[in-house]
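J.: Next up, start10.cif (mmCIF, C-alpha atoms).
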data_model
#
loop_
_atom_site.label_atom_id
_atom_site.label_comp_id
_atom_site.auth_asym_id
_atom_site.auth_seq_id
_atom_site.Cartn_x
_atom_site.Cartn_y
_atom_site.Cartn_z
CA MET A 23 0.00 0.00 0.00
CA ASP A 24 1.19 3.52 -0.79
CA VAL A 25 2.52 5.65 2.05
CA THR A 26 -0.18 8.15 2.97
CA GLN A 27 -0.54 11.51 4.63
CA ARG A 28 -3.59 12.68 6.54
CA LEU A 29 -5.31 15.71 5.05
CA GLU A 30 -6.92 17.62 7.91
CA HIS A 31 -7.19 21.15 9.23
CA PRO A 32 -9.26 22.75 12.03
CA ARG A 33 -11.09 24.87 9.44
CA PHE A 34 -11.61 22.00 6.97
CA ALA A 35 -14.84 20.05 7.51
CA ALA A 36 -13.35 16.67 6.60
CA ALA A 37 -10.27 14.54 7.02
CA LEU A 38 -8.94 11.81 4.78
CA GLU A 39 -5.89 9.78 3.93
CA ILE A 40 -4.21 10.68 0.63
CA PRO A 41 -0.97 9.49 -0.98
CA GLN A 42 2.13 11.01 0.64
CA ARG A 43 3.40 12.40 -2.65
CA TRP A 44 0.27 14.45 -3.38
CA GLU A 45 0.61 18.19 -3.01
CA VAL A 46 -1.87 20.03 -0.79
CA ASP A 47 -2.84 23.69 -1.24
CA LEU A 48 -4.73 25.11 1.73
CA SER A 49 -4.19 28.75 0.73
CA GLY A 50 -7.83 29.09 -0.36
CA LEU A 51 -9.28 27.73 2.85
CA ASP A 52 -10.60 31.15 3.93
CA ASP A 53 -12.78 30.95 0.82
CA GLY A 54 -13.69 27.32 1.46
CA LEU A 55 -11.29 25.89 -1.13
CA VAL A 56 -8.80 23.06 -0.71
CA ILE A 57 -6.88 21.77 -3.75
CA VAL A 58 -4.99 18.52 -3.77
CA GLY A 59 -3.04 17.32 -6.79
CA ASP A 60 -0.75 14.54 -7.83
CA ASP A 61 2.90 15.60 -8.02
CA ARG A 62 3.23 14.33 -11.59
CA PRO A 63 1.29 14.51 -14.84
CA TRP A 64 -0.62 11.47 -16.10
CA SER A 65 -1.74 10.93 -19.69
CA MET A 66 -1.55 13.90 -22.10
CA GLY A 67 0.37 15.87 -19.49
CA PHE A 68 -2.69 16.35 -17.27
CA VAL A 69 -2.17 16.47 -13.50
CA PRO A 70 -5.17 14.87 -11.75
CA THR A 71 -6.67 16.97 -8.97
CA VAL A 72 -9.04 16.57 -6.05
CA VAL A 73 -10.75 19.86 -5.26
CA PHE A 74 -12.83 20.44 -2.13
CA THR A 75 -15.24 23.33 -1.64
CA GLN A 76 -17.03 23.95 1.61
CA ALA A 77 -19.65 26.48 2.65
CA ARG A 78 -21.39 26.99 5.98
CA LEU A 79 -25.08 26.24 5.89
CA GLY A 80 -27.94 28.22 7.31
CA GLU A 81 -30.83 26.49 9.07
CA GLU A 82 -32.90 26.81 5.92
CA HIS A 83 -30.73 24.22 4.18
CA SER A 84 -31.96 20.68 4.53
CA THR A 85 -29.36 17.93 4.91
CA ASP A 86 -31.78 15.52 3.23
CA PRO A 87 -29.99 13.95 0.21
CA ALA A 88 -33.12 14.57 -1.88
CA ALA A 89 -32.74 18.31 -1.22
CA VAL A 90 -29.06 18.16 -2.15
CA LEU A 91 -29.95 16.28 -5.33
CA GLU A 92 -32.53 18.91 -6.24
CA SER A 93 -30.02 21.73 -5.73
CA GLN A 94 -27.45 19.88 -7.85
CA ARG A 95 -29.98 19.35 -10.64
CA LEU A 96 -30.39 23.11 -10.76
CA VAL A 97 -26.69 23.62 -11.54
CA GLU A 98 -26.52 21.01 -14.32
CA THR A 99 -27.32 23.58 -17.01
CA THR A 100 -24.57 25.90 -15.76
CA ILE A 101 -22.06 23.05 -15.75
CA ALA A 102 -23.06 22.08 -19.28
CA GLU A 103 -22.58 25.66 -20.47
CA GLN A 104 -19.15 26.00 -18.88
CA LEU A 105 -17.54 22.72 -19.89
CA ARG A 106 -16.56 21.92 -23.49
CA ASP A 107 -17.94 18.63 -24.89
CA HIS A 108 -19.77 18.14 -21.59
CA ARG A 109 -21.53 14.77 -21.34
CA PRO A 110 -23.35 14.02 -18.07
CA LEU A 111 -23.16 10.36 -17.09
CA HIS A 112 -24.58 10.24 -13.59
CA LEU A 113 -26.38 12.34 -10.99
CA ASP A 114 -28.06 10.60 -8.10
CA VAL A 115 -28.04 10.07 -4.35
CA ASP A 116 -24.95 8.34 -3.01
CA THR A 117 -22.91 8.05 0.16
CA PHE A 118 -20.11 10.51 0.85
CA GLY A 119 -17.91 9.52 3.79
CA PHE A 120 -18.67 8.96 7.44
CA HIS A 121 -19.67 11.10 10.40
CA GLY A 122 -18.59 8.99 13.33
CA GLU A 123 -19.94 5.54 12.56
CA GLN A 124 -22.74 6.84 10.35
CA GLN A 125 -22.51 6.99 6.57
CA VAL A 126 -23.27 10.45 5.20
CA HIS A 127 -25.72 10.54 2.29
CA GLY A 128 -25.40 13.10 -0.46
CA VAL A 129 -25.11 13.16 -4.24
CA MET A 130 -22.66 11.80 -6.79
CA ARG A 131 -22.14 13.36 -10.21
CA VAL A 132 -20.04 11.91 -13.05
CA ALA A 133 -19.40 13.72 -16.31
CA SER A 134 -17.02 13.72 -19.25
CA TYR A 135 -15.65 16.92 -20.79
CA THR A 136 -12.64 18.37 -22.63
CA THR A 137 -10.27 20.86 -21.01
CA ALA A 138 -9.12 24.12 -22.61
CA GLU A 139 -5.88 22.26 -23.44
CA ALA A 140 -7.92 19.66 -25.40
CA VAL A 141 -7.47 16.90 -22.83
CA PRO A 142 -10.51 14.63 -22.48
CA VAL A 143 -11.17 14.26 -18.77
CA MET A 144 -13.61 12.70 -16.33
CA MET A 145 -15.10 14.47 -13.36
CA HIS A 146 -16.37 12.52 -10.36
CA GLN A 147 -18.01 14.78 -7.81
CA TRP A 148 -19.64 14.15 -4.45
CA VAL A 149 -21.70 16.74 -2.54
CA ALA A 150 -23.30 16.37 0.88
CA ARG A 151 -24.44 18.44 3.84
CA CYS A 152 -23.37 17.53 7.35
CA VAL A 153 -21.97 19.20 10.50
CA GLY A 154 -23.38 22.55 9.34
CA VAL A 155 -21.40 22.54 6.10
CA GLU A 156 -22.03 21.72 2.44
CA LEU A 157 -18.90 19.98 1.21
CA SER A 158 -18.07 18.96 -2.33
CA MET A 159 -15.17 16.83 -3.56
CA THR A 160 -14.35 16.84 -7.29
CA VAL A 161 -11.86 14.37 -8.74
CA THR A 162 -10.66 15.23 -12.27
CA TYR A 163 -8.36 13.00 -14.33
CA PRO A 164 -7.60 12.11 -17.96
CA THR A 165 -10.32 9.84 -19.36
CA VAL A 166 -7.81 7.34 -20.66
CA ASP A 167 -6.67 6.78 -17.04
CA VAL A 168 -10.18 5.83 -15.94
CA LEU A 169 -9.34 2.42 -14.52
CA THR A 170 -7.01 3.84 -11.88
CA TRP A 171 -8.76 7.06 -11.03
CA SER A 172 -12.45 6.20 -10.95
CA GLU A 173 -11.83 3.58 -8.30
CA GLY A 174 -9.38 5.85 -6.48
CA GLY A 175 -11.91 8.68 -6.33
CA TRP A 176 -14.63 6.32 -5.18
CA SER A 177 -12.34 5.06 -2.42
CA LEU A 178 -11.61 8.62 -1.23
CA ALA A 179 -15.33 9.43 -1.14
CA ASN A 180 -16.09 6.35 0.89
CA THR A 181 -13.35 6.73 3.51
CA LEU A 182 -13.58 10.49 4.10
CA GLU A 183 -14.43 11.49 7.67
CA TRP A 184 -16.64 14.47 8.42
CA THR A 185 -14.91 16.24 11.29
CA GLY A 186 -16.65 19.63 11.38
CA VAL A 187 -15.17 23.11 11.43
CA SER A 188 -13.91 24.45 14.73
CA MET B 12 5.33 15.59 -35.96
CA GLU B 13 3.19 14.27 -38.78
CA GLN B 14 3.24 16.17 -42.03
CA HIS B 15 0.18 16.87 -44.11
CA SER B 16 -0.36 19.03 -47.09
CA ALA B 17 -0.04 22.72 -46.31
CA MET B 18 -3.49 23.07 -47.79
CA GLU B 19 -6.28 23.52 -45.27
CA GLN B 20 -7.60 20.10 -44.34
CA ARG B 21 -11.25 19.21 -44.88
CA SER B 22 -12.77 17.07 -42.14
CA THR B 23 -16.00 15.74 -43.67
CA ALA B 24 -17.02 13.83 -46.76
CA ARG B 25 -20.45 12.50 -47.71
CA LEU B 26 -20.48 9.14 -49.47
CA SER B 27 -22.89 6.44 -50.52
CA ALA B 28 -22.35 3.05 -48.88
CA GLU B 29 -20.95 1.80 -52.20
CA GLN B 30 -18.50 4.70 -52.32
CA VAL B 31 -17.16 3.79 -48.86
CA ASP B 32 -16.06 0.45 -50.33
CA GLN B 33 -14.69 2.21 -53.42
CA LEU B 34 -12.73 4.54 -51.16
CA ALA B 35 -11.19 1.60 -49.32
CA ALA B 36 -10.21 0.07 -52.65
CA ALA B 37 -8.89 3.34 -54.04
CA LEU B 38 -6.61 3.76 -51.05
CA GLY B 39 -5.35 0.20 -51.39
CA TRP B 40 -6.93 -0.90 -48.15
CA LEU B 41 -9.01 -3.72 -49.66
CA GLU B 42 -7.97 -5.57 -52.81
CA PRO B 43 -5.87 -2.96 -54.60
CA VAL B 44 -7.75 -1.82 -57.67
CA THR B 45 -7.37 1.14 -59.91
CA VAL B 46 -9.83 3.85 -59.04
CA PRO B 47 -8.69 6.79 -61.12
CA GLU B 48 -10.86 9.27 -59.30
CA LEU B 49 -13.38 9.32 -56.49
CA ARG B 50 -15.65 12.23 -55.68
CA ASP B 51 -18.07 12.37 -52.77
CA LEU B 52 -21.82 12.97 -53.11
CA ASP B 53 -21.19 16.71 -53.02
CA GLY B 54 -18.72 16.49 -55.88
CA GLN B 55 -15.60 17.00 -53.78
CA LEU B 56 -12.51 15.23 -55.15
CA LEU B 57 -11.30 12.74 -52.50
CA VAL B 58 -8.87 10.51 -54.39
CA SER B 59 -6.99 10.89 -57.65
CA ASP B 60 -4.68 8.20 -59.08
CA GLY B 61 -4.80 6.28 -55.81
CA ARG B 62 -3.64 9.27 -53.78
CA PRO B 63 -5.73 11.43 -51.44
CA ALA B 64 -6.56 14.89 -52.74
CA PRO B 65 -4.34 17.34 -50.81
CA GLU B 66 -7.16 18.92 -48.79
CA TYR B 67 -8.41 15.45 -47.78
CA ASP B 68 -4.96 14.07 -46.92
CA ARG B 69 -5.57 13.77 -43.16
CA LEU B 70 -9.11 12.40 -43.49
CA MET B 71 -8.07 9.81 -46.07
CA ARG B 72 -5.01 8.75 -44.06
CA SER B 73 -7.22 8.37 -41.00
CA PHE B 74 -9.30 6.02 -43.14
CA SER B 75 -6.50 4.01 -44.69
CA GLU B 76 -3.99 3.88 -41.82
CA GLN B 77 -6.36 2.81 -39.06
CA ARG B 78 -4.94 1.17 -35.97
CA ALA B 79 -8.27 0.50 -34.28
CA VAL B 80 -11.87 0.14 -35.33
CA ILE B 81 -14.66 0.56 -32.78
CA LEU B 82 -18.25 -0.36 -33.54
CA VAL B 83 -20.95 1.18 -31.38
CA GLN B 84 -24.51 -0.01 -31.69
CA ARG B 85 -27.80 0.76 -29.98
CA VAL B 86 -30.82 -1.42 -30.80
CA ASP B 87 -34.30 -0.63 -29.51
CA ALA B 88 -37.12 -3.08 -28.80
CA GLN B 89 -38.50 -2.66 -32.34
CA GLY B 90 -35.17 -3.51 -33.94
CA HIS B 91 -34.22 0.03 -34.94
CA GLU B 92 -30.45 0.33 -34.96
CA GLN B 93 -28.18 3.31 -34.42
CA ASN B 94 -24.67 2.40 -35.56
CA THR B 95 -21.44 4.35 -35.34
CA THR B 96 -18.12 3.12 -36.71
CA ILE B 97 -15.01 4.83 -35.37
CA ARG B 98 -11.50 4.42 -36.73
CA LEU B 99 -8.43 5.51 -34.79
CA SER B 100 -5.17 6.26 -36.58
CA PRO B 101 -1.91 8.13 -36.01
CA HIS B 102 -3.59 11.04 -37.83
CA GLY B 103 -6.58 11.32 -35.51
CA MET B 104 -9.97 9.67 -35.58
CA LEU B 105 -12.63 9.23 -38.19
CA TRP B 106 -16.19 8.14 -37.71
CA HIS B 107 -19.08 7.20 -39.97
CA GLU B 108 -22.54 8.57 -39.37
CA LEU B 109 -25.44 7.07 -41.32
CA GLN B 110 -27.71 9.85 -42.53
CA ASN B 111 -31.46 9.71 -43.11
CA ASP B 112 -31.02 9.61 -46.88
CA GLY B 113 -28.78 6.53 -46.62
CA ALA B 114 -25.58 8.50 -47.19
CA VAL B 115 -22.58 7.95 -44.93
CA LEU B 116 -20.99 11.06 -43.46
CA LEU B 117 -17.27 10.58 -42.79
CA ARG B 118 -16.07 12.96 -40.11
CA GLY B 119 -12.51 13.46 -38.93
CA ALA B 120 -11.24 15.03 -35.73
CA ALA B 121 -8.41 14.93 -33.23
CA GLY B 122 -8.22 11.72 -31.22
CA GLY B 123 -9.57 13.38 -28.07
CA THR B 124 -12.98 13.64 -29.73
CA LEU B 125 -13.34 9.87 -29.33
CA TYR B 126 -14.99 10.04 -25.92
CA PRO B 127 -17.94 12.37 -26.63
CA VAL B 128 -18.56 10.51 -29.90
CA LEU B 129 -18.56 7.20 -28.01
CA ILE B 130 -20.90 8.48 -25.29
CA ASP B 131 -23.29 9.85 -27.92
CA GLY B 132 -23.17 6.63 -29.93
CA LEU B 133 -23.82 4.51 -26.84
CA GLY B 134 -26.53 6.93 -25.73
CA LEU B 135 -25.19 7.00 -22.16
CA GLY B 136 -26.55 9.47 -19.66
CA PRO B 137 -27.74 9.77 -16.07
CA ARG B 138 -30.07 6.97 -14.95
CA PRO B 139 -31.37 6.12 -11.48
CA ALA B 140 -28.58 4.49 -9.48
CA PRO B 141 -29.13 0.88 -8.46
CA ALA B 142 -28.99 -0.26 -4.86
CA ARG B 143 -25.50 -1.20 -3.74
CA GLY B 144 -24.49 -4.76 -3.13
CA VAL B 145 -26.93 -6.29 -5.59
CA VAL B 146 -25.99 -9.81 -6.65
CA PRO B 147 -25.68 -10.23 -10.46
CA ALA B 148 -28.35 -12.39 -12.11
CA GLU B 149 -27.32 -15.37 -14.20
CA ILE B 150 -28.72 -15.49 -17.75
CA SER B 151 -28.49 -17.94 -20.61
CA LYS B 152 -25.38 -17.80 -22.74
CA ASN B 153 -26.97 -16.41 -25.92
CA LEU B 154 -29.60 -14.11 -24.38
CA MET B 155 -27.86 -10.86 -25.30
CA MET B 156 -27.30 -11.99 -28.89
CA ARG B 157 -30.96 -13.02 -29.20
CA ALA B 158 -32.01 -9.60 -27.87
CA VAL B 159 -30.52 -7.89 -30.95
CA ASP B 160 -31.25 -10.55 -33.58
CA PHE B 161 -34.34 -9.45 -35.51
CA SER B 162 -33.50 -11.61 -38.55
CA GLN B 163 -36.39 -14.01 -37.80
CA GLY B 164 -38.82 -11.28 -36.72
CA PRO B 165 -39.54 -9.56 -33.42
CA ASP B 166 -40.63 -12.58 -31.34
CA SER B 167 -37.21 -13.95 -30.44
CA PRO B 168 -35.72 -10.62 -29.29
CA ALA B 169 -38.90 -9.83 -27.35
CA ALA B 170 -38.66 -13.21 -25.61
CA ALA B 171 -35.01 -12.53 -24.79
CA ARG B 172 -35.92 -9.22 -23.16
CA ARG B 173 -38.70 -10.89 -21.13
CA GLU B 174 -36.18 -13.52 -20.06
CA ALA B 175 -33.77 -10.78 -18.96
CA ALA B 176 -36.61 -9.10 -17.04
CA ALA B 177 -37.43 -12.31 -15.19
CA ALA B 178 -33.75 -12.82 -14.32
CA VAL B 179 -33.29 -9.36 -12.75
CA ARG B 180 -36.77 -8.75 -11.27
CA GLY B 181 -35.59 -9.66 -7.77
CA GLN B 182 -32.70 -7.19 -7.98
CA ALA B 183 -34.23 -4.37 -10.03
CA ALA B 184 -38.03 -4.54 -10.40
CA GLN B 185 -38.36 -1.20 -12.22
CA ILE B 186 -35.75 -2.12 -14.81
CA ALA B 187 -37.58 -5.42 -15.29
CA ASP B 188 -40.84 -3.52 -15.88
CA SER B 189 -39.12 -1.34 -18.48
CA LEU B 190 -37.77 -4.41 -20.27
CA VAL B 191 -41.22 -6.02 -20.42
CA ALA B 192 -42.78 -2.76 -21.63
CA GLY B 193 -40.23 -2.47 -24.47
CA ARG B 194 -38.49 0.55 -22.99
CA ALA B 195 -35.02 -0.93 -23.26
CA ASP B 196 -32.22 -0.57 -25.79
CA VAL B 197 -29.34 -3.00 -26.12
CA VAL B 198 -26.01 -1.17 -26.25
CA VAL B 199 -22.99 -2.83 -27.82
CA LEU B 200 -19.35 -1.80 -28.00
CA ALA B 201 -16.99 -3.94 -30.07
CA ALA B 202 -13.39 -3.04 -30.82
CA GLU B 203 -10.34 -4.46 -32.57
CA TRP B 204 -6.95 -2.81 -32.51
CA ASP B 205 -3.24 -3.11 -33.05
CA ASP B 206 -1.77 -3.80 -29.62
CA GLY B 207 1.70 -4.53 -30.97
CA ALA B 208 1.27 -8.21 -30.11
CA GLY B 209 -0.93 -9.72 -32.80
CA GLY B 210 -4.09 -7.70 -32.24
CA ALA B 211 -6.56 -7.22 -29.43
CA GLN B 212 -10.33 -7.35 -29.22
CA ALA B 213 -12.95 -6.17 -26.76
CA ARG B 214 -16.70 -6.50 -26.52
CA LEU B 215 -19.11 -5.01 -24.02
CA MET B 216 -22.90 -5.20 -23.91
CA GLY B 217 -25.61 -3.78 -21.73
CA LEU B 218 -29.31 -3.00 -21.53
CA ASP B 219 -30.31 0.62 -21.09
CA THR B 220 -33.72 1.63 -19.74
CA PRO B 221 -35.06 4.89 -18.32
CA ASP B 222 -35.02 3.15 -14.91
CA GLY B 223 -31.38 2.11 -15.01
CA MET B 224 -28.81 0.04 -16.85
CA LEU B 225 -27.88 -3.63 -16.78
CA LEU B 226 -24.26 -4.49 -17.45
CA HIS B 227 -23.53 -7.82 -19.15
CA SER B 228 -20.42 -9.73 -18.14
CA VAL B 229 -18.99 -13.18 -18.64
CA GLU B 230 -17.38 -15.04 -15.77
CA ARG B 231 -14.83 -17.51 -17.07
CA ARG B 232 -14.97 -20.88 -15.34
CA PHE B 233 -12.65 -23.84 -15.43
CA LEU B 234 -15.30 -25.60 -17.47
CA GLY B 235 -17.35 -23.16 -19.50
CA GLU B 236 -18.52 -19.70 -18.63
CA LYS B 237 -21.28 -17.92 -16.74
CA HIS B 238 -23.21 -14.98 -18.26
CA LEU B 239 -24.42 -12.31 -15.84
CA LEU B 240 -26.58 -9.19 -15.85
CA GLU B 241 -25.97 -6.65 -13.12
CA PRO B 242 -27.72 -3.33 -12.38
CA ALA B 243 -25.07 -0.62 -12.75
CA PRO B 244 -24.98 3.17 -13.16
CA ALA B 245 -24.10 4.43 -16.63
CA TRP B 246 -20.73 5.65 -15.38
CA VAL B 247 -19.76 2.08 -14.46
CA PHE B 248 -20.65 0.96 -18.00
CA TRP B 249 -18.50 3.87 -19.23
CA HIS B 250 -15.65 2.85 -16.90
CA MET B 251 -15.79 -0.68 -18.39
CA ALA B 252 -16.02 0.68 -21.94
CA VAL B 253 -13.01 3.01 -21.70
CA GLY B 254 -11.05 0.39 -19.77
CA SER B 255 -11.62 -2.16 -22.53
CA LEU B 256 -10.43 0.13 -25.36
CA PRO B 257 -6.86 0.87 -26.51
CA GLY B 258 -4.95 2.56 -23.72
CA ALA B 259 -2.44 5.40 -23.52
CA GLU B 260 0.43 3.02 -24.34
CA ASP B 261 -1.26 1.83 -27.54
CA ILE B 262 -1.93 5.38 -28.67
CA ALA B 263 1.65 6.45 -27.87
CA ARG B 264 2.97 3.53 -29.93
CA TRP B 265 0.79 4.46 -32.92
CA THR B 266 1.81 8.09 -32.88
CA GLY B 267 5.44 7.66 -31.82
CA PRO B 268 8.49 7.28 -34.02
CA ALA B 269 8.50 4.15 -36.17
#
Show the structure stored in the file as structure tokens.
T.:
Amino acid sequence: MDVTQRLEHPRFAAALEIPQRWEVDLSGLDDGLVIVGDDRPWSMGFVPTVVFTQARLGEEHSTDPAAVLESQRLVETTIAEQLRDHRPLHLDVDTFGFHGEQQVHGVMRVASYTTAEAVPVMMHQWVARCVGVELSMTVTYPTVDVLTWSEGGWSLANTLEWTGVS
Amino acid sequence: MEQHSAMEQRSTARLSAEQVDQLAAALGWLEPVTVPELRDLDGQLLVSDGRPAPEYDRLMRSFSEQRAVILVQRVDAQGHEQNTTIRLSPHGMLWHELQNDGAVLLRGAAGGTLYPVLIDGLGLGPRPAPARGVVPAEISKNLMMRAVDFSQGPDSPAAARREAAAAVRGQAAQIADSLVAGRADVVVLAAEWDDGAGGAQARLMGLDTPDGMLLHSVERRFLGEKHLLEPAPAWVFWHMAVGSLPGAEDIARWTGPA
């Protein structure tokens, strides 16, 4: 098994184990942004990334996965407009990590698109609401590397721990 | 870096089915024959004296120097087929689209266009996710082939779909209902390519309904094989499809120095 490092921070709502060699950028944390990337390019020179966004929730936001799914359906059109060759492949309720012993239920999105550098890529995204935060995790990698990265992203999403923001 | 004519390259040509065969012959891909000149249905000169016209150099080379051919098929419950043939070459990709008037539109593009063309040809898109941990259902060996074989009429494929419905009803009742109601397309991906070791092949089949997909797989046994249908999200079918096609190493070998 690869040597891992633990990605965690008092102001980051989750913690997870990631490969030791991955580079972590917490400089956007004040804006709810954490970027993690491999330290080397994969196919077509593309460096796979795992991007987290988090936003505090008001009481009006339901943590019900159906509500999260509805809100994500509303942004599908925007995503399609912004991404070249966008092809949606999946959008439905799924699990996204654990809070204590309990699985957290949210939404999983999978789509194919082409980057500005003409690299065909896959996007696997999970979104859920828990511990007063809406957290998303987006894994992006070259499509041709699907066998490694789709399972890797799925593994990250299913081992992530919701820790809350102090 | 590959060299093409300095002339601006055209990326489409419209041909009759017969002309597609003539094109293959003209470029020496089938039995070499003399085809002094070949023009497409719009009168554009494609080949002259066995050589591609300069503005069609890349498109013609994509046709004649293929390293992989991928066939994508979608067959509905009435037997209507949607077929896409994709050829990959060191010069990019080329695909055939059958038009309503029976003409074949040849379209060329950079290799990265493969994936959206494949997704469109397979008709993949978001479907309701199946429950996790569902056990695959065993089906008869030839069920998937019967589901797309309309040569003896619609009864045999309809029976195959009902048989598939009965097999998966315990795991996915709504998908079973869709199959019985004729709201299911069979999707097929078949590929052959130069893997540098005598050639490689791949084949993947599934059933696509508005209520979810069923992924077909074959479990090899010491004696014989076991055919399975398993509820799966479209992205899992896509994962299997991309994983079964030529990989980055194949493509690098095709485009690298000889």
J.: Evaluate the PyMOL selection byres ((chain B and resi 126-131) around 9) and record the selected residues as a ChimeraX atom specification, following the chain and residue labels used in the document.
T.: /A:107-109,111,134-136,142,165 /B:83,95,97,106,122-125,132-136,249,253
J.: Mind telling me what the PyMOL selection byres ((chain A) within 7 of (chain B)) catches here, as a PDB file with C-alpha atoms, in the frame of the given file?
T.:
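The resulting out_33.pdb:
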ATOM      1  CA  SER A  65      -1.740  10.930 -19.690  1.00  0.00           C
ATOM      2  CA  ASP A 107     -17.940  18.630 -24.890  1.00  0.00           C
ATOM      3  CA  ARG A 109     -21.530  14.770 -21.340  1.00  0.00           C
ATOM      4  CA  PRO A 110     -23.350  14.020 -18.070  1.00  0.00           C
ATOM      5  CA  LEU A 111     -23.160  10.360 -17.090  1.00  0.00           C
ATOM      6  CA  HIS A 112     -24.580  10.240 -13.590  1.00  0.00           C
ATOM      7  CA  LEU A 113     -26.380  12.340 -10.990  1.00  0.00           C
ATOM      8  CA  ASP A 114     -28.060  10.600  -8.100  1.00  0.00           C
ATOM      9  CA  VAL A 132     -20.040  11.910 -13.050  1.00  0.00           C
ATOM     10  CA  VAL A 141      -7.470  16.900 -22.830  1.00  0.00           C
ATOM     11  CA  PRO A 142     -10.510  14.630 -22.480  1.00  0.00           C
ATOM     12  CA  VAL A 166      -7.810   7.340 -20.660  1.00  0.00           C
ATOM     13  CA  VAL A 168     -10.180   5.830 -15.940  1.00  0.00           C
ATOM     14  CA  LEU A 169      -9.340   2.420 -14.520  1.00  0.00           C
TER      15      LEU A 169
END
J.: Rounded to one decimal, what separation in Å do you get between atom CA of A:Ile40 and atom CA of A:Ala138?
T.: 27.3 Å
J.: Can you list, as a ChimeraX atom specification, every protein, DNA or RNA residue that comes within 7 Å of A:Val46 when you count only C-alpha atoms, leaving out same-chain residues fewer than 3 positions away?
T.: /A:57-59
J.: In Å to one decimal, how far is atom CA of A:Asp53 from atom CA of A:Gln104?
T.: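 So the answer is 21.3 Å.
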J.: Taking all atoms listed in the file into account, name the residue in A:Val155, A:Thr162, A:Met144, A:Val73 that is nearest to A:Arg33.
T.: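 Smallest separation from A:Arg33 among the options: A:Val155.
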J.: Counting only C-alpha atoms, what is within 7 Å of A:Thr160, bar same-chain residues fewer than 3 positions away, as a compact mmCIF listing (two decimals) with C-alpha atoms, keeping the file's coordinate frame?
T.:
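So out_6.txt came out as:
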# COMPACT_ATOMS: atom_id res chain seq x y z
CA VAL A 72 -9.04 16.57 -6.05
CA VAL A 73 -10.75 19.86 -5.26
CA PHE A 74 -12.83 20.44 -2.13
CA MET A 145 -15.10 14.47 -13.36
CA HIS A 146 -16.37 12.52 -10.36
CA GLN A 147 -18.01 14.78 -7.81
CA TRP A 148 -19.64 14.15 -4.45
J.: Residue by residue, what does the PyMOL selection byres ((chain A and resi 90) around 9) grab here? Present the result as number ranges by chain.
T.: A: 83-89, 91-95, 115, 128-129, 149-151
J.: Could you work out how far atom CA of B:Val191 lies from atom CA of B:Arg85, giving the answer in Å with one decimal?
T.: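 Interatomic distance, atom CA of B:Arg85 to atom CA of B:Val191: 17.8 Å.
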J.: Need the shell around A:Phe34: protein/DNA/RNA residues with any atom at most 10 Å away, counting only C-alpha atoms. Skip same-chain ones fewer than 2 positions apart. Format as a PDB file with C-alpha atoms, keeping the file's coordinate frame?
T.:
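In the end it all went to around-v3.pdb:
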ATOM      1  CA  LEU A  29      -5.310  15.710   5.050  1.00  0.00           C
ATOM      2  CA  GLU A  30      -6.920  17.620   7.910  1.00  0.00           C
ATOM      3  CA  HIS A  31      -7.190  21.150   9.230  1.00  0.00           C
ATOM      4  CA  PRO A  32      -9.260  22.750  12.030  1.00  0.00           C
ATOM      5  CA  ALA A  36     -13.350  16.670   6.600  1.00  0.00           C
ATOM      6  CA  ALA A  37     -10.270  14.540   7.020  1.00  0.00           C
ATOM      7  CA  LEU A  48      -4.730  25.110   1.730  1.00  0.00           C
ATOM      8  CA  LEU A  51      -9.280  27.730   2.850  1.00  0.00           C
ATOM      9  CA  ASP A  52     -10.600  31.150   3.930  1.00  0.00           C
ATOM     10  CA  GLY A  54     -13.690  27.320   1.460  1.00  0.00           C
ATOM     11  CA  LEU A  55     -11.290  25.890  -1.130  1.00  0.00           C
ATOM     12  CA  VAL A  56      -8.800  23.060  -0.710  1.00  0.00           C
ATOM     13  CA  PHE A  74     -12.830  20.440  -2.130  1.00  0.00           C
ATOM     14  CA  THR A  75     -15.240  23.330  -1.640  1.00  0.00           C
ATOM     15  CA  GLN A  76     -17.030  23.950   1.610  1.00  0.00           C
ATOM     16  CA  VAL A 155     -21.400  22.540   6.100  1.00  0.00           C
ATOM     17  CA  LEU A 157     -18.900  19.980   1.210  1.00  0.00           C
ATOM     18  CA  TRP A 184     -16.640  14.470   8.420  1.00  0.00           C
ATOM     19  CA  THR A 185     -14.910  16.240  11.290  1.00  0.00           C
ATOM     20  CA  GLY A 186     -16.650  19.630  11.380  1.00  0.00           C
ATOM     21  CA  VAL A 187     -15.170  23.110  11.430  1.00  0.00           C
ATOM     22  CA  SER A 188     -13.910  24.450  14.730  1.00  0.00           C
TER      23      SER A 188
END
J.: Restricting the calculation to all atoms listed in the file, which member of B:Gln93, B:Ser100, B:Gln182, B:Ser189 is positioned closest to B:Gln77?
T.: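 Of the candidates, the smallest distance to B:Gln77 is held by B:Ser100.
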